[in-house]
Amino acid sequence: MPPRTSIEEFRELLKSSNRVLALCGAGLSAASGLPTFRGAGGLWRNHEPTSLATPTAFKRDPALVWLFYAWRRHMALKANPNRGHYALAELAKKKDDFLCLTQNVDGLSPRAGHPEAKLKLLHGSILDNKCFNDNCDYIDRNNLSDPVCPALAPAAEDYPPGQTIPLLDPYVPAPSIKVEDLLHCPQCKTGLLRPGVVWFNEPLDKQMLADIDNWILQGPIDIMLVVGTAAVVFPAAGYTQQAIDQGAIVAVVNPDPESGEGLIDEDFFFQGDASELLPKLFEGVIGKMDEHGKIL
Ligand code: NAD
């Protein structure tokens, strides 16, 4: 039997649910204009984004990695939270025992007013800068400067719609940036600052993981919402199984039919855009939402 698709049935379940866990991915921010990594046309210049998101890449070419992140930072700061972010933030305010785990680093959930205690930034934030030295714990949180430093100004330039952005054109040489002009750590004075995101092959914050495990083990979970993620990156992907082990019914929101594979008949699959579906799915709890994300 395929999973359920009835919005009405889901609304009833949500209304009567106490403990709800959500896992969000890049698809939640797609409607805000921020591309997913694995989506169409996924290259940045001629690089796989995932090949730039590693400590090895930063060691090899910190200026190139910073250009990539400075551009993504600029895009994130220019973007606005969408109705999906607002719906999740509103659900967090209405349900005492709701926890949202997001793989997104774009800062859009905090900007939508999602209560901090009910949001775990699994992969950090692109708006934080931290020291690359293993033995230095310096971190500059929520830095809104754009460009993040003068040398990275080419990554924060806007062009008229339709014009190819030179930075994104692999045939235009990348701006040459000297390592000494990148941000340096004001604490240890030796390390370079790097984006405060978790890169591939890096561990997630231990205390955050322990807090999430504690929440999961506190009792049965009624619903596991999986929004806009291919859920292939561990440990995030493992949370769905942990929630199922705690009795959760899974509800997947994603335009890709393959993301509903493995769901059973008591689960839900809503195929489509999270920014359109989430306000509808949560309406019975959060009320009706206007097109700007305000509750009417
Ligand atoms: P992914 O690129 O692997 O998957 C994105 C998922 O979103 C896909 O399953 C796709 O079908 C779905 N999707 C696309 N448009 C959607 C929409 N409008 N509504 C709902 N779903 C939609 O991304 P991932 O597995 O979430 O993340 C991989 C890693 O990349 C993560 O670690 C994340 O930190 C990072 N990342 C973050 C951002 C961001 O912060 N905005 C953007 C790109 C990548």
# chains A, B, ... in the order shown; residues from 1 in each chain; ligands from 1
>>> residues_around(residues="Gln103 in chain A", least_positions_apart="4", cutoff="8 Å", atoms="only C-alpha atoms", output="PyMOL selection string")
chain A and resi 23-26+121-123+236
>>> write_last_selection(atoms="C-alpha atoms", output="compact mmCIF listing (two decimals), in the first residue's frame")
# COMPACT_ATOMS: atom_id res chain seq x y z
CA LEU A 23 14.24 17.32 9.65
CA CYS A 24 14.75 19.97 6.97
CA GLY A 25 17.12 20.23 4.03
CA ALA A 26 18.05 22.52 1.19
CA LEU A 121 21.44 23.98 13.16
CA LEU A 122 22.98 20.59 12.38
CA HIS A 123 25.48 21.98 9.90
CA ALA A 236 20.81 13.66 9.70
>>> residues_around(residues="Lys288 in chain A", least_positions_apart="4", cutoff="12 Å", atoms="only C-alpha atoms", output="list in words")
Arg83, Tyr86, Ala87, Glu90, Leu278, Pro279, Lys280, Leu281, Phe282, Glu283, Gly284, His292, Gly293, Lys294, Ile295 and Leu296 of chain A
>>> write_last_selection(atoms="N, CA and C atoms", output="short mmCIF file (atom, residue, chain, number, x, y, z; two decimals), in the first residue's frame")
data_model
loop_
_atom_site.label_atom_id
_atom_site.label_comp_id
_atom_site.auth_asym_id
_atom_site.auth_seq_id
_atom_site.Cartn_x
_atom_site.Cartn_y
_atom_site.Cartn_z
N ARG A 83 7.24 30.95 3.04
CA ARG A 83 6.11 30.54 3.88
C ARG A 83 6.38 29.21 4.59
N TYR A 86 8.25 30.18 7.74
CA TYR A 86 7.32 30.82 8.69
C TYR A 86 6.37 29.79 9.30
N ALA A 87 5.91 28.82 8.47
CA ALA A 87 4.97 27.81 8.98
C ALA A 87 5.65 26.97 10.07
N GLU A 90 6.03 29.00 13.24
CA GLU A 90 4.73 29.15 13.91
C GLU A 90 4.35 27.85 14.63
N LEU A 278 3.59 23.34 3.44
CA LEU A 278 3.65 23.38 4.91
C LEU A 278 2.54 24.26 5.51
N PRO A 279 2.30 25.49 4.97
CA PRO A 279 1.22 26.29 5.57
C PRO A 279 -0.14 25.57 5.50
N LYS A 280 -0.36 24.83 4.43
CA LYS A 280 -1.63 24.08 4.31
C LYS A 280 -1.68 22.95 5.32
N LEU A 281 -0.58 22.22 5.42
CA LEU A 281 -0.56 21.04 6.32
C LEU A 281 -0.73 21.44 7.78
N PHE A 282 -0.20 22.62 8.14
CA PHE A 282 -0.21 23.03 9.56
C PHE A 282 -1.43 23.91 9.90
N GLU A 283 -2.25 24.21 8.91
CA GLU A 283 -3.31 25.22 9.09
C GLU A 283 -4.19 24.99 10.32
N GLY A 284 -4.52 23.71 10.59
CA GLY A 284 -5.38 23.41 11.73
C GLY A 284 -4.75 23.81 13.06
N HIS A 292 2.68 36.39 2.40
CA HIS A 292 3.97 36.85 2.92
C HIS A 292 4.42 36.08 4.16
N GLY A 293 3.61 35.11 4.60
CA GLY A 293 4.00 34.31 5.75
C GLY A 293 3.43 34.82 7.07
N LYS A 294 2.50 35.80 6.99
CA LYS A 294 1.88 36.32 8.23
C LYS A 294 0.61 35.50 8.49
N ILE A 295 0.38 35.17 9.78
CA ILE A 295 -0.85 34.45 10.15
C ILE A 295 -2.00 35.45 10.16
N LEU A 296 -3.11 35.07 9.49
CA LEU A 296 -4.24 36.02 9.36
C LEU A 296 -5.05 36.06 10.64
#
>>> closest_atom_pairs(of="chain A", to="ligand 1", cutoff="7 Å", atoms="only C-alpha atoms and all ligand atoms", output="tab-separated table")
residue	atom	partner	partner_atom_place_in_ligand_line	distance
A:Cys24	CA	ligand 1	26 (O)	6.7
A:Gly25	CA	ligand 1	26 (O)	3.1
A:Ala26	CA	ligand 1	26 (O)	3.9
A:Gly27	CA	ligand 1	7 (O)	3.2
A:Leu28	CA	ligand 1	20 (C)	5.2
A:Ser29	CA	ligand 1	41 (N)	5.2
A:Ala30	CA	ligand 1	18 (N)	4.9
A:Ala31	CA	ligand 1	18 (N)	5.3
A:Leu34	CA	ligand 1	41 (N)	5.6
A:Pro35	CA	ligand 1	42 (C)	5.8
A:Thr36	CA	ligand 1	2 (O)	4.0
A:Phe37	CA	ligand 1	2 (O)	4.0
A:Arg38	CA	ligand 1	2 (O)	4.1
A:Gly39	CA	ligand 1	2 (O)	5.8
A:Gln103	CA	ligand 1	34 (O)	4.3
A:Asn104	CA	ligand 1	40 (O)	3.3
A:Val105	CA	ligand 1	40 (O)	3.8
A:Asp106	CA	ligand 1	40 (O)	4.1
A:His123	CA	ligand 1	34 (O)	5.4
A:Val227	CA	ligand 1	20 (C)	6.0
A:Gly228	CA	ligand 1	21 (N)	3.2
A:Thr229	CA	ligand 1	6 (C)	3.8
A:Ala230	CA	ligand 1	9 (O)	3.6
A:Ala231	CA	ligand 1	25 (O)	4.9
A:Val232	CA	ligand 1	25 (O)	5.8
A:Val233	CA	ligand 1	25 (O)	6.1
A:Val253	CA	ligand 1	20 (C)	5.9
A:Asn254	CA	ligand 1	21 (N)	4.0
A:Pro255	CA	ligand 1	11 (O)	5.4
A:Asp256	CA	ligand 1	11 (O)	4.5
A:Ser259	CA	ligand 1	9 (O)	6.2
A:Gly272	CA	ligand 1	19 (N)	6.0
A:Asp273	CA	ligand 1	19 (N)	3.6
A:Ala274	CA	ligand 1	19 (N)	4.0
A:Ser275	CA	ligand 1	19 (N)	6.5
>>> write_last_selection(atoms="C-alpha atoms", output="CSV table (one decimal), in the first residue's frame")
chain,number,residue,atom,x,y,z
A,24,CYS,CA,14.8,20.0,7.0
A,25,GLY,CA,17.1,20.2,4.0
A,26,ALA,CA,18.0,22.5,1.2
A,27,GLY,CA,14.6,22.0,-0.5
A,28,LEU,CA,13.0,24.1,2.3
A,29,SER,CA,15.0,27.2,1.0
A,30,ALA,CA,14.5,26.4,-2.7
A,31,ALA,CA,11.5,28.7,-2.9
A,34,LEU,CA,18.7,29.3,-2.8
A,35,PRO,CA,19.7,26.3,-5.0
A,36,THR,CA,20.1,22.8,-3.5
A,37,PHE,CA,23.5,21.1,-4.0
A,38,ARG,CA,22.2,18.1,-5.9
A,39,GLY,CA,19.6,20.0,-8.0
A,103,GLN,CA,20.7,20.9,7.6
A,104,ASN,CA,20.5,24.4,6.1
A,105,VAL,CA,23.2,27.0,6.9
A,106,ASP,CA,21.5,30.0,5.3
A,123,HIS,CA,25.5,22.0,9.9
A,227,VAL,CA,11.1,18.4,4.5
A,228,GLY,CA,13.1,19.2,1.4
A,229,THR,CA,15.9,16.7,2.0
A,230,ALA,CA,17.2,13.8,0.1
A,231,ALA,CA,18.3,12.7,3.6
A,232,VAL,CA,21.5,11.1,2.4
A,233,VAL,CA,23.9,13.0,4.7
A,253,VAL,CA,7.3,16.9,1.8
A,254,ASN,CA,9.3,16.9,-1.4
A,255,PRO,CA,8.7,17.4,-5.1
A,256,ASP,CA,10.8,14.3,-6.0
A,259,SER,CA,12.0,10.8,-1.8
A,272,GLY,CA,5.4,19.4,-4.0
A,273,ASP,CA,7.0,22.6,-2.9
A,274,ALA,CA,7.5,23.0,0.9
A,275,SER,CA,6.6,26.7,0.9
>>> residues_around(residues="Ala153 in chain A", least_positions_apart="6", cutoff="9 Å", atoms="only C-alpha atoms", output="JSON, numbers by chain")
{"A": [70, 146, 147]}
>>> write_last_selection(atoms="N, CA and C atoms", output="compact mmCIF listing (two decimals), in the first residue's frame")
# COMPACT_ATOMS: atom_id res chain seq x y z
N ALA A 70 31.49 33.17 0.19
CA ALA A 70 31.12 34.59 0.22
C ALA A 70 29.95 34.83 -0.74
N ASP A 146 28.57 42.23 4.50
CA ASP A 146 28.51 41.69 3.13
C ASP A 146 29.09 42.73 2.18
N PRO A 147 30.28 42.49 1.61
CA PRO A 147 31.10 41.29 1.70
C PRO A 147 31.65 41.07 3.12
>>> closest_residue(among="A:Ser145, A:Thr54, A:Gln187, A:Asn82", to="Glu276 in chain A", atoms="only C-alpha atoms")
A:Asn82
>>> closest_residue(among="A:Tyr159, A:Phe10, A:Phe132, A:Trp199", to="Leu52 in chain A", atoms="only C-alpha atoms")
A:Trp199
>>> closest_residue(among="A:Ser17, A:Gln271, A:Asn133, A:Asn214", to="Phe98 in chain A", atoms="only C-alpha atoms")
A:Ser17
>>> select_by_dssp(residues="range 20-92 of chain A", states="strand (DSSP E or B)", output="ChimeraX atom specification")
/A:20-24,44,47
>>> write_last_selection(atoms="C-alpha atoms", output="compact mmCIF listing (two decimals), in the first residue's frame")
# COMPACT_ATOMS: atom_id res chain seq x y z
CA VAL A 20 6.81 16.26 16.65
CA LEU A 21 10.29 16.15 15.13
CA ALA A 22 11.17 17.84 11.82
CA LEU A 23 14.24 17.32 9.65
CA CYS A 24 14.75 19.97 6.97
CA TRP A 44 29.73 26.31 -9.11
CA HIS A 47 33.50 22.75 -9.32
>>> closest_residue(among="A:Phe234, A:Phe268, A:Phe68, A:Trp215", to="Lys120 in chain A", atoms="only C-alpha atoms")
A:Trp215
>>> residues_around(residues="Ala112 in chain A", least_positions_apart="5", cutoff="8 Å", atoms="only C-alpha atoms", output="list in words")
Pro81, His85, Tyr86 and Ala89 of chain A
>>> atom_distance(atom1="CA of Arg194 in chain A", atom2="CA of Pro62 in chain A")
8.4 Å
